[in-house]
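Text of query-v3.pdb, listed as PDB, C-alpha atoms:
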```pdb
ATOM      1  CA  MET A   1       0.724 -73.374  46.815
ATOM      2  CA  GLN A   2       3.516 -72.477  44.359
ATOM      3  CA  GLU A   3       3.613 -76.151  43.389
ATOM      4  CA  LYS A   4      -0.138 -76.048  42.710
ATOM      5  CA  ILE A   5       0.283 -73.007  40.449
ATOM      6  CA  ASP A   6       3.161 -74.621  38.550
ATOM      7  CA  SER A   7       1.152 -77.820  38.256
ATOM      8  CA  ALA A   8      -1.915 -75.950  36.957
ATOM      9  CA  LEU A   9       0.121 -73.960  34.412
ATOM     10  CA  ASP A  10       1.815 -77.127  33.201
ATOM     11  CA  LYS A  11      -1.490 -78.998  32.978
ATOM     12  CA  TYR A  12      -3.275 -76.283  31.009
ATOM     13  CA  SER A  13      -0.275 -75.807  28.715
ATOM     14  CA  LYS A  14      -0.426 -79.464  27.733
ATOM     15  CA  ILE A  15      -4.170 -79.182  27.081
ATOM     16  CA  ILE A  16      -4.088 -76.086  24.869
ATOM     17  CA  GLU A  17      -0.840 -76.465  22.936
ATOM     18  CA  PRO A  18      -2.242 -79.078  20.494
ATOM     19  CA  LYS A  19      -5.244 -76.777  19.923
ATOM     20  CA  ILE A  20      -2.947 -73.797  19.362
ATOM     21  CA  ALA A  21      -1.009 -75.805  16.751
ATOM     22  CA  GLU A  22      -4.307 -76.895  15.189
ATOM     23  CA  VAL A  23      -5.846 -73.448  14.712
ATOM     24  CA  LEU A  24      -2.566 -71.737  13.817
ATOM     25  CA  GLY A  25      -1.752 -74.380  11.219
ATOM     26  CA  ALA A  26      -5.234 -74.578   9.675
ATOM     27  CA  HIS A  27      -5.402 -73.259   6.089
ATOM     28  CA  VAL A  28      -1.645 -72.489   6.145
ATOM     29  CA  ASP A  29       0.654 -74.001   3.534
ATOM     30  CA  GLU A  30       2.484 -76.925   5.128
ATOM     31  CA  LYS A  31       5.901 -75.473   4.307
ATOM     32  CA  HIS A  32       5.069 -72.307   6.281
ATOM     33  CA  ARG A  33       3.612 -73.906   9.404
ATOM     34  CA  GLU A  34       6.879 -74.119  11.311
ATOM     35  CA  ILE A  35       7.629 -70.413  10.963
ATOM     36  CA  VAL A  36       4.044 -69.560  11.911
ATOM     37  CA  LYS A  37       4.311 -71.611  15.109
ATOM     38  CA  TYR A  38       7.772 -70.287  16.092
ATOM     39  CA  GLN A  39       6.615 -67.304  18.178
ATOM     40  CA  ILE A  40       4.119 -69.109  20.356
ATOM     41  CA  PHE A  41       6.284 -72.166  20.978
ATOM     42  CA  THR A  42       9.417 -70.298  22.098
ATOM     43  CA  GLY A  43       8.097 -70.653  25.646
ATOM     44  CA  GLY A  44       5.921 -68.700  28.035
ATOM     45  CA  LYS A  45       4.070 -69.554  31.238
ATOM     46  CA  ARG A  46       0.629 -69.798  29.568
ATOM     47  CA  LEU A  47      -0.679 -67.776  32.521
ATOM     48  CA  ARG A  48      -3.398 -66.012  30.561
ATOM     49  CA  PRO A  49      -5.131 -69.135  29.223
ATOM     50  CA  ALA A  50      -4.776 -70.701  32.676
ATOM     51  CA  LEU A  51      -6.869 -67.820  34.047
ATOM     52  CA  ALA A  52      -9.649 -68.685  31.591
ATOM     53  CA  PHE A  53      -9.622 -72.323  32.745
ATOM     54  CA  LEU A  54      -9.498 -71.428  36.441
ATOM     55  CA  THR A  55     -12.263 -68.823  36.338
ATOM     56  CA  CYS A  56     -14.493 -71.110  34.272
ATOM     57  CA  GLN A  57     -14.067 -73.958  36.769
ATOM     58  CA  LEU A  58     -14.386 -71.574  39.706
ATOM     59  CA  LEU A  59     -18.002 -70.980  38.683
ATOM     60  CA  GLY A  60     -18.834 -74.582  37.876
ATOM     61  CA  GLY A  61     -17.950 -74.617  34.181
ATOM     62  CA  LYS A  62     -16.319 -77.609  32.532
ATOM     63  CA  GLU A  63     -12.621 -77.657  31.699
ATOM     64  CA  LYS A  64     -13.256 -78.838  28.127
ATOM     65  CA  GLU A  65     -15.449 -75.787  27.441
ATOM     66  CA  ALA A  66     -12.495 -73.452  27.992
ATOM     67  CA  VAL A  67      -9.994 -75.211  25.704
ATOM     68  CA  TYR A  68     -10.468 -73.330  22.417
ATOM     69  CA  PRO A  69     -11.141 -69.897  23.988
ATOM     70  CA  ALA A  70      -8.019 -70.329  26.152
ATOM     71  CA  ALA A  71      -5.995 -71.252  23.060
ATOM     72  CA  GLY A  72      -7.383 -68.165  21.304
ATOM     73  CA  LEU A  73      -6.379 -65.941  24.220
ATOM     74  CA  GLU A  74      -2.804 -67.258  24.140
ATOM     75  CA  ILE A  75      -2.671 -66.683  20.373
ATOM     76  CA  LEU A  76      -4.022 -63.156  20.896
ATOM     77  CA  HIS A  77      -1.333 -62.530  23.514
ATOM     78  CA  ASN A  78       1.420 -63.749  21.202
ATOM     79  CA  TYR A  79       0.017 -61.757  18.293
ATOM     80  CA  SER A  80       0.406 -58.615  20.404
ATOM     81  CA  LEU A  81       3.996 -59.660  21.240
ATOM     82  CA  ILE A  82       4.841 -60.114  17.552
ATOM     83  CA  ILE A  83       3.655 -56.576  16.801
ATOM     84  CA  ASP A  84       5.252 -55.153  19.951
ATOM     85  CA  ASP A  85       8.630 -56.664  19.075
ATOM     86  CA  ILE A  86       8.500 -55.256  15.546
ATOM     87  CA  ILE A  87       7.561 -51.789  16.827
ATOM     88  CA  ASP A  88      10.308 -51.819  19.479
ATOM     89  CA  ASN A  89      12.955 -53.560  17.331
ATOM     90  CA  SER A  90      13.314 -56.097  20.161
ATOM     91  CA  GLU A  91      15.770 -58.869  19.334
ATOM     92  CA  LEU A  92      15.265 -61.066  22.404
ATOM     93  CA  ARG A  93      12.209 -62.520  24.118
ATOM     94  CA  ARG A  94      12.087 -65.484  26.488
ATOM     95  CA  GLY A  95      15.844 -65.750  25.999
ATOM     96  CA  LYS A  96      15.452 -66.459  22.257
ATOM     97  CA  SER A  97      15.428 -64.455  19.027
ATOM     98  CA  THR A  98      12.159 -62.626  18.419
ATOM     99  CA  ALA A  99      10.199 -63.700  15.339
ATOM    100  CA  TRP A 100      11.117 -60.626  13.283
ATOM    101  CA  HIS A 101      14.796 -60.915  14.245
ATOM    102  CA  LYS A 102      14.805 -64.551  13.139
ATOM    103  CA  PHE A 103      12.708 -64.293   9.973
ATOM    104  CA  GLY A 104      12.723 -60.576   9.081
ATOM    105  CA  LYS A 105       9.994 -57.956   9.449
ATOM    106  CA  SER A 106       8.274 -58.657   6.117
ATOM    107  CA  ILE A 107       7.773 -62.364   6.781
ATOM    108  CA  THR A 108       6.864 -61.772  10.434
ATOM    109  CA  SER A 109       4.236 -59.186   9.437
ATOM    110  CA  CYS A 110       2.659 -61.873   7.245
ATOM    111  CA  ILE A 111       2.859 -64.384  10.101
ATOM    112  CA  GLY A 112       1.046 -61.880  12.314
ATOM    113  CA  ILE A 113      -1.967 -61.975   9.997
ATOM    114  CA  ASP A 114      -2.155 -65.750  10.514
ATOM    115  CA  TYR A 115      -2.307 -65.118  14.261
ATOM    116  CA  ALA A 116      -5.087 -62.546  13.842
ATOM    117  CA  ALA A 117      -7.157 -65.038  11.831
ATOM    118  CA  ALA A 118      -6.439 -67.898  14.254
ATOM    119  CA  ILE A 119      -7.715 -65.867  17.217
ATOM    120  CA  PHE A 120     -11.216 -65.831  15.766
ATOM    121  CA  GLU A 121     -11.000 -69.373  14.440
ATOM    122  CA  ALA A 122     -10.495 -70.433  18.065
ATOM    123  CA  ALA A 123     -13.438 -68.271  19.147
ATOM    124  CA  ASN A 124     -15.654 -69.900  16.513
ATOM    125  CA  LYS A 125     -14.884 -73.320  17.998
ATOM    126  CA  SER A 126     -16.009 -72.236  21.460
ATOM    127  CA  LYS A 127     -19.258 -72.982  23.275
ATOM    128  CA  LYS A 128     -20.382 -69.370  22.911
ATOM    129  CA  PRO A 129     -18.749 -68.155  19.671
ATOM    130  CA  ILE A 130     -20.531 -64.804  19.372
ATOM    131  CA  GLU A 131     -19.851 -63.716  22.963
ATOM    132  CA  ILE A 132     -16.237 -64.903  22.843
ATOM    133  CA  SER A 133     -15.620 -63.286  19.425
ATOM    134  CA  ASN A 134     -17.045 -59.998  20.707
ATOM    135  CA  LEU A 135     -14.810 -60.208  23.781
ATOM    136  CA  PHE A 136     -11.735 -60.911  21.621
ATOM    137  CA  THR A 137     -12.583 -58.036  19.268
ATOM    138  CA  LYS A 138     -12.997 -55.492  22.050
ATOM    139  CA  THR A 139      -9.847 -56.688  23.801
ATOM    140  CA  LEU A 140      -7.671 -56.592  20.694
ATOM    141  CA  LYS A 141      -8.779 -53.053  19.877
ATOM    142  CA  THR A 142      -8.178 -51.960  23.469
ATOM    143  CA  ILE A 143      -4.658 -53.407  23.373
ATOM    144  CA  VAL A 144      -3.971 -51.431  20.187
ATOM    145  CA  ASP A 145      -5.064 -48.222  21.945
ATOM    146  CA  GLY A 146      -2.621 -49.057  24.749
ATOM    147  CA  GLU A 147       0.181 -49.773  22.279
ATOM    148  CA  ILE A 148      -0.380 -46.388  20.614
ATOM    149  CA  LEU A 149      -0.152 -44.656  23.991
ATOM    150  CA  ASP A 150       3.049 -46.565  24.808
ATOM    151  CA  ILE A 151       4.593 -45.323  21.553
ATOM    152  CA  LEU A 152       3.449 -41.741  22.192
ATOM    153  CA  PHE A 153       5.041 -41.860  25.661
ATOM    154  CA  GLU A 154       8.501 -42.428  24.125
ATOM    155  CA  ARG A 155      10.891 -39.564  24.756
ATOM    156  CA  ALA A 156      12.537 -39.631  21.291
ATOM    157  CA  GLY A 157      12.904 -41.589  18.059
ATOM    158  CA  ARG A 158      10.624 -42.428  15.125
ATOM    159  CA  GLY A 159      11.695 -39.233  13.400
ATOM    160  CA  LYS A 160      10.102 -40.251  10.095
ATOM    161  CA  GLU A 161       6.658 -40.786  11.610
ATOM    162  CA  PRO A 162       4.842 -37.421  11.611
ATOM    163  CA  TYR A 163       1.836 -38.489  13.676
ATOM    164  CA  ILE A 164       4.077 -39.556  16.542
ATOM    165  CA  LEU A 165       6.199 -36.403  16.357
ATOM    166  CA  LYS A 166       3.065 -34.257  16.458
ATOM    167  CA  ASN A 167       1.251 -36.148  19.223
ATOM    168  CA  ARG A 168       4.076 -37.333  21.498
ATOM    169  CA  TYR A 169       3.360 -36.610  25.175
ATOM    170  CA  ALA A 170       5.507 -33.792  26.568
ATOM    171  CA  LYS A 171       4.696 -34.913  30.116
ATOM    172  CA  ILE A 172       3.400 -38.264  31.380
ATOM    173  CA  THR A 173       1.402 -38.480  34.597
ATOM    174  CA  GLU A 174       0.685 -41.559  36.721
ATOM    175  CA  LYS A 175      -2.897 -41.339  35.443
ATOM    176  CA  ASP A 176      -1.541 -41.548  31.891
ATOM    177  CA  PHE A 177       0.577 -44.548  32.857
ATOM    178  CA  PHE A 178      -2.354 -46.484  34.313
ATOM    179  CA  ASP A 179      -4.494 -45.617  31.286
ATOM    180  CA  MET A 180      -1.806 -47.099  29.021
ATOM    181  CA  ALA A 181      -1.054 -50.127  31.229
ATOM    182  CA  GLY A 182      -4.755 -50.772  31.719
ATOM    183  CA  LYS A 183      -5.272 -50.975  27.973
ATOM    184  CA  LYS A 184      -2.037 -52.600  26.820
ATOM    185  CA  THR A 185      -1.677 -55.221  29.570
ATOM    186  CA  ALA A 186      -4.563 -55.390  32.046
ATOM    187  CA  ALA A 187      -7.277 -55.565  29.356
ATOM    188  CA  LEU A 188      -6.082 -59.013  28.277
ATOM    189  CA  PHE A 189      -5.989 -60.328  31.853
ATOM    190  CA  LYS A 190      -9.520 -58.990  32.280
ATOM    191  CA  ALA A 191     -10.614 -60.726  29.063
ATOM    192  CA  CYS A 192      -9.151 -64.071  30.159
ATOM    193  CA  CYS A 193     -11.132 -63.967  33.400
ATOM    194  CA  SER A 194     -14.277 -62.653  31.741
ATOM    195  CA  ALA A 195     -14.086 -65.467  29.186
ATOM    196  CA  GLY A 196     -14.138 -67.989  32.020
ATOM    197  CA  GLY A 197     -17.280 -66.370  33.402
ATOM    198  CA  ILE A 198     -19.000 -66.306  30.009
ATOM    199  CA  LEU A 199     -18.244 -69.984  29.403
ATOM    200  CA  ALA A 200     -19.501 -70.967  32.864
ATOM    201  CA  GLY A 201     -22.766 -69.055  32.414
ATOM    202  CA  ALA A 202     -21.923 -66.627  35.219
ATOM    203  CA  THR A 203     -24.211 -63.822  36.350
ATOM    204  CA  LYS A 204     -23.382 -60.234  35.407
ATOM    205  CA  GLU A 205     -22.189 -59.615  38.949
ATOM    206  CA  GLU A 206     -19.901 -62.653  38.887
ATOM    207  CA  THR A 207     -18.479 -61.762  35.468
ATOM    208  CA  ALA A 208     -17.887 -58.184  36.643
ATOM    209  CA  ALA A 209     -16.011 -59.445  39.736
ATOM    210  CA  LEU A 210     -13.897 -61.732  37.550
ATOM    211  CA  GLY A 211     -13.142 -58.853  35.173
ATOM    212  CA  LYS A 212     -12.058 -56.610  38.038
ATOM    213  CA  TYR A 213      -9.867 -59.381  39.428
ATOM    214  CA  GLY A 214      -8.175 -59.809  36.036
ATOM    215  CA  TYR A 215      -7.759 -56.066  35.511
ATOM    216  CA  ASN A 216      -6.121 -55.498  38.906
ATOM    217  CA  LEU A 217      -3.941 -58.577  38.398
ATOM    218  CA  GLY A 218      -2.853 -57.210  35.015
ATOM    219  CA  LEU A 219      -1.818 -53.870  36.501
ATOM    220  CA  ALA A 220       0.253 -55.644  39.152
ATOM    221  CA  PHE A 221       1.807 -57.760  36.385
ATOM    222  CA  GLN A 222       2.803 -54.672  34.364
ATOM    223  CA  ILE A 223       4.356 -52.964  37.369
ATOM    224  CA  GLN A 224       6.429 -56.085  38.056
ATOM    225  CA  ASP A 225       7.505 -56.117  34.392
ATOM    226  CA  ASP A 226       8.676 -52.519  34.749
ATOM    227  CA  ILE A 227      10.543 -53.358  37.955
ATOM    228  CA  LEU A 228      12.262 -56.323  36.284
ATOM    229  CA  ASP A 229      13.250 -54.198  33.290
ATOM    230  CA  ILE A 230      15.322 -51.984  35.592
ATOM    231  CA  PHE A 231      16.226 -54.219  38.531
ATOM    232  CA  GLY A 232      15.867 -57.763  37.143
ATOM    233  CA  ASP A 233      18.402 -60.436  36.287
ATOM    234  CA  GLU A 234      18.787 -60.716  32.508
ATOM    235  CA  LYS A 235      19.251 -64.478  32.549
ATOM    236  CA  SER A 236      16.086 -65.023  34.596
ATOM    237  CA  PHE A 237      14.048 -62.278  32.895
ATOM    238  CA  GLY A 238      14.868 -63.484  29.371
ATOM    239  CA  LYS A 239      15.088 -59.910  28.102
ATOM    240  CA  GLU A 240      17.745 -57.227  28.144
ATOM    241  CA  ILE A 241      17.835 -55.251  31.404
ATOM    242  CA  GLY A 242      17.424 -51.506  30.947
ATOM    243  CA  LYS A 243      15.710 -52.033  27.598
ATOM    244  CA  ASP A 244      13.040 -49.429  28.388
ATOM    245  CA  ILE A 245      15.807 -46.867  28.850
ATOM    246  CA  ILE A 246      17.449 -47.873  25.566
ATOM    247  CA  GLU A 247      14.064 -47.562  23.846
ATOM    248  CA  ARG A 248      13.493 -44.217  25.636
ATOM    249  CA  LYS A 249      10.222 -45.444  27.100
ATOM    250  CA  GLY A 250       8.490 -42.813  29.181
ATOM    251  CA  GLY A 251       5.838 -45.295  30.267
ATOM    252  CA  ASN A 252       7.920 -47.329  32.717
ATOM    253  CA  ILE A 253       6.632 -46.791  36.278
ATOM    254  CA  ILE A 254      10.129 -46.991  37.822
ATOM    255  CA  ILE A 255      11.479 -44.289  35.506
ATOM    256  CA  MET A 256       8.391 -42.149  36.133
ATOM    257  CA  LEU A 257       8.628 -42.439  39.926
ATOM    258  CA  ALA A 258      12.367 -41.720  39.876
ATOM    259  CA  LEU A 259      11.874 -38.592  37.785
ATOM    260  CA  LYS A 260       9.210 -37.430  40.194
ATOM    261  CA  ASN A 261      11.574 -37.678  43.193
ATOM    262  CA  LEU A 262      14.899 -36.513  41.778
ATOM    263  CA  PRO A 263      16.136 -32.892  41.895
ATOM    264  CA  LYS A 264      15.354 -30.927  38.747
ATOM    265  CA  LYS A 265      18.982 -31.004  37.572
ATOM    266  CA  GLU A 266      19.115 -34.792  37.680
ATOM    267  CA  GLN A 267      15.663 -35.070  36.101
ATOM    268  CA  GLU A 268      16.981 -33.041  33.176
ATOM    269  CA  LYS A 269      20.074 -35.238  32.877
ATOM    270  CA  ILE A 270      17.872 -38.338  32.557
ATOM    271  CA  LEU A 271      15.520 -36.687  30.072
ATOM    272  CA  THR A 272      18.416 -35.315  28.009
ATOM    273  CA  ILE A 273      19.811 -38.834  27.629
ATOM    274  CA  MET A 274      16.411 -40.326  26.825
ATOM    275  CA  ARG A 275      15.807 -37.681  24.138
ATOM    276  CA  LYS A 276      18.912 -38.755  22.228
ATOM    277  CA  ASN A 277      18.711 -40.669  18.974
ATOM    278  CA  LYS A 278      20.649 -43.511  20.588
ATOM    279  CA  VAL A 279      21.313 -44.336  24.236
ATOM    280  CA  SER A 280      24.673 -45.976  24.958
ATOM    281  CA  ALA A 281      25.351 -48.704  27.530
ATOM    282  CA  GLY A 282      27.252 -46.140  29.603
ATOM    283  CA  GLU A 283      24.279 -43.797  29.581
ATOM    284  CA  VAL A 284      21.962 -46.626  30.634
ATOM    285  CA  GLY A 285      24.284 -47.179  33.600
ATOM    286  CA  GLU A 286      24.232 -43.460  34.398
ATOM    287  CA  ILE A 287      20.415 -43.407  34.493
ATOM    288  CA  MET A 288      20.405 -46.567  36.614
ATOM    289  CA  LYS A 289      22.593 -44.772  39.177
ATOM    290  CA  TYR A 290      20.160 -41.860  39.354
ATOM    291  CA  ILE A 291      17.219 -44.265  39.766
ATOM    292  CA  ALA A 292      19.050 -46.137  42.541
ATOM    293  CA  LYS A 293      19.223 -42.888  44.547
ATOM    294  CA  THR A 294      15.420 -42.790  44.791
ATOM    295  CA  ASP A 295      12.805 -44.939  46.541
ATOM    296  CA  SER A 296      11.160 -45.768  43.204
ATOM    297  CA  PHE A 297      11.671 -49.517  43.684
ATOM    298  CA  GLN A 298       9.813 -49.612  46.998
ATOM    299  CA  ARG A 299       7.087 -47.270  45.803
ATOM    300  CA  ALA A 300       6.512 -49.464  42.766
ATOM    301  CA  LYS A 301       6.391 -52.563  44.995
ATOM    302  CA  ASP A 302       3.804 -50.814  47.178
ATOM    303  CA  LEU A 303       1.710 -50.033  44.092
ATOM    304  CA  GLU A 304       1.786 -53.576  42.771
ATOM    305  CA  GLU A 305       0.848 -54.932  46.207
ATOM    306  CA  LYS A 306      -2.063 -52.489  46.225
ATOM    307  CA  PHE A 307      -3.379 -53.903  42.928
ATOM    308  CA  ALA A 308      -2.644 -57.510  43.922
ATOM    309  CA  GLY A 309      -4.570 -56.875  47.151
ATOM    310  CA  ALA A 310      -7.476 -55.401  45.185
ATOM    311  CA  ALA A 311      -7.495 -58.509  42.984
ATOM    312  CA  ARG A 312      -7.683 -60.736  46.075
ATOM    313  CA  LYS A 313     -10.583 -58.658  47.381
ATOM    314  CA  ASN A 314     -12.408 -59.114  44.056
ATOM    315  CA  LEU A 315     -12.404 -62.871  44.706
ATOM    316  CA  THR A 316     -14.220 -62.613  48.052
ATOM    317  CA  SER A 317     -17.687 -62.411  46.460
ATOM    318  CA  LEU A 318     -17.060 -65.535  44.359
ATOM    319  CA  PRO A 319     -17.384 -69.225  45.339
ATOM    320  CA  LYS A 320     -14.886 -70.391  47.949
ATOM    321  CA  ASN A 321     -13.327 -73.480  46.391
ATOM    322  CA  LYS A 322      -9.932 -74.784  45.291
ATOM    323  CA  TRP A 323     -10.007 -72.681  42.110
ATOM    324  CA  ASN A 324     -10.526 -69.522  44.181
ATOM    325  CA  LYS A 325      -7.496 -70.419  46.303
ATOM    326  CA  ILE A 326      -5.292 -70.893  43.243
ATOM    327  CA  LEU A 327      -6.471 -67.559  41.784
ATOM    328  CA  GLU A 328      -5.701 -65.879  45.105
ATOM    329  CA  GLU A 329      -2.215 -67.388  45.172
ATOM    330  CA  ILE A 330      -1.592 -66.225  41.591
ATOM    331  CA  THR A 331      -1.772 -62.645  42.876
ATOM    332  CA  ARG A 332       1.332 -63.408  44.958
ATOM    333  CA  PHE A 333       3.022 -65.363  42.180
ATOM    334  CA  ILE A 334       2.675 -62.322  39.893
ATOM    335  CA  ILE A 335       4.627 -59.965  42.135
ATOM    336  CA  LEU A 336       7.307 -62.464  43.153
ATOM    337  CA  ARG A 337       8.154 -63.696  39.638
ATOM    338  CA  GLU A 338      11.580 -63.041  38.128
ATOM    339  CA  LYS A 339      10.564 -63.420  34.477
TER     340      LYS A 339
END
```

Could you show the structure in this file as structure tokens?
Amino acid sequence: MQEKIDSALDKYSKIIEPKIAEVLGAHVDEKHREIVKYQIFTGGKRLRPALAFLTCQLLGGKEKEAVYPAAGLEILHNYSLIIDDIIDNSELRRGKSTAWHKFGKSITSCIGIDYAAAIFEAANKSKKPIEISNLFTKTLKTIVDGEILDILFERAGRGKEPYILKNRYAKITEKDFFDMAGKKTAALFKACCSAGGILAGATKEETAALGKYGYNLGLAFQIQDDILDIFGDEKSFGKEIGKDIIERKGGNIIIMLALKNLPKKEQEKILTIMRKNKVSAGEVGEIMKYIAKTDSFQRAKDLEEKFAGAARKNLTSLPKNKWNKILEEITRFIILREK
């Protein structure tokens, strides 16, 4: 089944990439097109647009009807990554320089506006432009709400930003984490699956089941991302390991679970480090040692399996065909991935 997933991802990538280049390059000065396309063509699995194709075909829709919406969803995803990398000062993504690190924040901010426009250009070329545009609008705004929460969960930094200093969370609960992850990550997975239902003319019940599948899949995906940030292999992951510690992120599920299980003295040691203006490599290693003393890895794995299992259950009310089987297998692919 892994081969089928890889084959599907490869197939859909080849279908949408010319459309991505088309809508991103439209109305852009020719001499700027290469820098505009840099972010989205640095790599990526194209998992999110694949979900739109698969869910559309699951319910009897035609592959060609999902092409532009799927391209728009991948552009939306990469737009959020551009902004996320600027906010977090991230220098590496997919093993390559981030857009802002390569071109500078001013130019990359301008590039981001091209992505925002291209999202809706893709929606306008879809079979149901109003419904797809409304879905994209709601999703983009939801992701922004999640991004704001992620910033407010940081333990320190951004000293010149008064709103953050005033509204930063003193304590972050698991409920807070799932609120943030649901908005920042799972909302886009939900949108990809809902788009497939809209394009296929699904019933409300079918679209709701698809949305729940995508949402639960997205939560499992985020938990695996958090696991890889702490326990992953940098070469495979394509990002720096321990980056959430360096960025003093309070919204990493592994860090949260470790803090919950450590003695108060060790909790305070972790929080003291993460409240510093800068976290050194040695201090990252120190926090890693504290985390390794807990069962946070296994507890996080149990949580992601819970959401992956819920996603599989969401598929049971939908047609039993080859597309359903691939979507079911994707729930396993998500939690076994190394990047």

Contacts of Lys127 of chain A within 9 Å, all atoms listed in the file, excl. fewer than 5 positions in-chain, as a short mmCIF file (atom, residue, chain, number, x, y, z; two decimals) with C-alpha atoms, in the coordinates of the input:
```
data_model
loop_
_atom_site.label_atom_id
_atom_site.label_comp_id
_atom_site.auth_asym_id
_atom_site.auth_seq_id
_atom_site.Cartn_x
_atom_site.Cartn_y
_atom_site.Cartn_z
CA GLU A 65 -15.45 -75.79 27.44
CA ALA A 66 -12.50 -73.45 27.99
CA TYR A 68 -10.47 -73.33 22.42
CA PRO A 69 -11.14 -69.90 23.99
CA ILE A 132 -16.24 -64.90 22.84
CA LEU A 199 -18.24 -69.98 29.40
#
```

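Using the PyMOL selection byres ((chain A and resi 288-290) around 9) on the file at hand returns these residues: A:Ile230, A:Phe231, A:Gly242, A:Ala258, A:Leu262, A:Glu266, A:Gln267, A:Ile270, A:Glu283, A:Val284, A:Gly285, A:Glu286, A:Ile287, A:Ile291, A:Ala292, A:Lys293, A:Thr294.
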
Since we have the selection now, will you write its residues out, keeping C-alpha atoms, as a PDB file, keeping the file's coordinate frame?
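Produced file part-v3.pdb, reproduced below:
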```pdb
ATOM      1  CA  ILE A 230      15.322 -51.984  35.592  1.00  0.00           C
ATOM      2  CA  PHE A 231      16.226 -54.219  38.531  1.00  0.00           C
ATOM      3  CA  GLY A 242      17.424 -51.506  30.947  1.00  0.00           C
ATOM      4  CA  ALA A 258      12.367 -41.720  39.876  1.00  0.00           C
ATOM      5  CA  LEU A 262      14.899 -36.513  41.778  1.00  0.00           C
ATOM      6  CA  GLU A 266      19.115 -34.792  37.680  1.00  0.00           C
ATOM      7  CA  GLN A 267      15.663 -35.070  36.101  1.00  0.00           C
ATOM      8  CA  ILE A 270      17.872 -38.338  32.557  1.00  0.00           C
ATOM      9  CA  GLU A 283      24.279 -43.797  29.581  1.00  0.00           C
ATOM     10  CA  VAL A 284      21.962 -46.626  30.634  1.00  0.00           C
ATOM     11  CA  GLY A 285      24.284 -47.179  33.600  1.00  0.00           C
ATOM     12  CA  GLU A 286      24.232 -43.460  34.398  1.00  0.00           C
ATOM     13  CA  ILE A 287      20.415 -43.407  34.493  1.00  0.00           C
ATOM     14  CA  ILE A 291      17.219 -44.265  39.766  1.00  0.00           C
ATOM     15  CA  ALA A 292      19.050 -46.137  42.541  1.00  0.00           C
ATOM     16  CA  LYS A 293      19.223 -42.888  44.547  1.00  0.00           C
ATOM     17  CA  THR A 294      15.420 -42.790  44.791  1.00  0.00           C
TER      18      THR A 294
END
```

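With atom CA of Leu257 of chain A on one side and atom CA of Glu154 of chain A on the other, the separation reads 15.8 Å.
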
Q | Who sits within 12 Å of Gly104 of chain A, only C-alpha atoms, same chain under 2 positions skipped, as a list in words | A | Ile35, Ile82, Asp85, Ile86, Asn89, Ser90, Glu91, Ser97, Thr98, Ala99, Trp100, His101, Lys102, Ser106, Ile107, Thr108, Ser109, Cys110 and Ile111 of chain A

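Here the question is which of A:Thr185, A:Gln57, A:Asn134, A:Thr316 gets nearest to Gly218 of chain A using all atoms listed in the file, and that residue is A:Thr185.
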
Q: Report the residues retrieved by the PyMOL selection byres ((chain A and resi 256) around 10) from the displayed file, expressed as an MDAnalysis selection string.
A: chainID A and resid 172:174 177 249:255 257:261 291 296

**Q.** Interatomic distance (Å, one decimal) between atom CA of Ala186 of chain A and atom CA of Ala26 of chain A
**A.** 29.5 Å

Once you add 6 Å to each side, what are the centre and edge lengths of the axis-aligned box holding all listed atoms of segment 205-211 of chain A? One decimal in Å, as lines of an AutoDock Vina configuration file, if you can.
```
center_x = -17.7
center_y = -60.4
center_z = 37.5
size_x = 21.0
size_y = 16.5
size_z = 16.6
```

Q.
Given the PyMOL selection byres ((chain A and resi 212) around 10) and the file above, list the residues it selects as a ChimeraX atom specification.
A. /A:186-187,189-191,193-194,206-211,213-218,310-311,313-315

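Closest approach to Asp179 of chain A among A:Ile20, A:Ile113, A:Ile198, A:Leu219 is made by A:Leu219 (distances from all atoms listed in the file).
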
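The space between atom CA of Tyr169 of chain A and atom CA of Glu268 of chain A spans 16.2 Å.
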
Q: Name the residues in contact with Lys37 of chain A at a cut-off of 10 Å, using all atoms listed in the file, excluding same-chain residues fewer than 3 positions from it; report them as number ranges by chain.
A: A: 20-21, 24-25, 32-34, 40-42, 99, 111, 114-115

Starting from the sparse input, extend segment 222-228 of chain A to N, CA and C atoms and give the output as a PDB file, in the coordinates of the input.
```
ATOM      1  N   GLN A 222       2.049 -55.679  35.125  1.00  0.00           N
ATOM      2  CA  GLN A 222       2.803 -54.672  34.364  1.00  0.00           C
ATOM      3  C   GLN A 222       3.811 -53.944  35.241  1.00  0.00           C
ATOM      4  N   ILE A 223       3.424 -53.633  36.458  1.00  0.00           N
ATOM      5  CA  ILE A 223       4.356 -52.964  37.369  1.00  0.00           C
ATOM      6  C   ILE A 223       5.559 -53.867  37.632  1.00  0.00           C
ATOM      7  N   GLN A 224       5.313 -55.165  37.843  1.00  0.00           N
ATOM      8  CA  GLN A 224       6.429 -56.085  38.056  1.00  0.00           C
ATOM      9  C   GLN A 224       7.314 -56.171  36.807  1.00  0.00           C
ATOM     10  N   ASP A 225       6.719 -56.134  35.636  1.00  0.00           N
ATOM     11  CA  ASP A 225       7.505 -56.117  34.392  1.00  0.00           C
ATOM     12  C   ASP A 225       8.420 -54.898  34.345  1.00  0.00           C
ATOM     13  N   ASP A 226       7.881 -53.754  34.740  1.00  0.00           N
ATOM     14  CA  ASP A 226       8.676 -52.519  34.749  1.00  0.00           C
ATOM     15  C   ASP A 226       9.808 -52.598  35.772  1.00  0.00           C
ATOM     16  N   ILE A 227       9.514 -53.182  36.921  1.00  0.00           N
ATOM     17  CA  ILE A 227      10.543 -53.358  37.955  1.00  0.00           C
ATOM     18  C   ILE A 227      11.659 -54.257  37.427  1.00  0.00           C
ATOM     19  N   LEU A 228      11.270 -55.377  36.800  1.00  0.00           N
ATOM     20  CA  LEU A 228      12.262 -56.323  36.284  1.00  0.00           C
ATOM     21  C   LEU A 228      13.094 -55.714  35.159  1.00  0.00           C
TER      22      LEU A 228
END
```
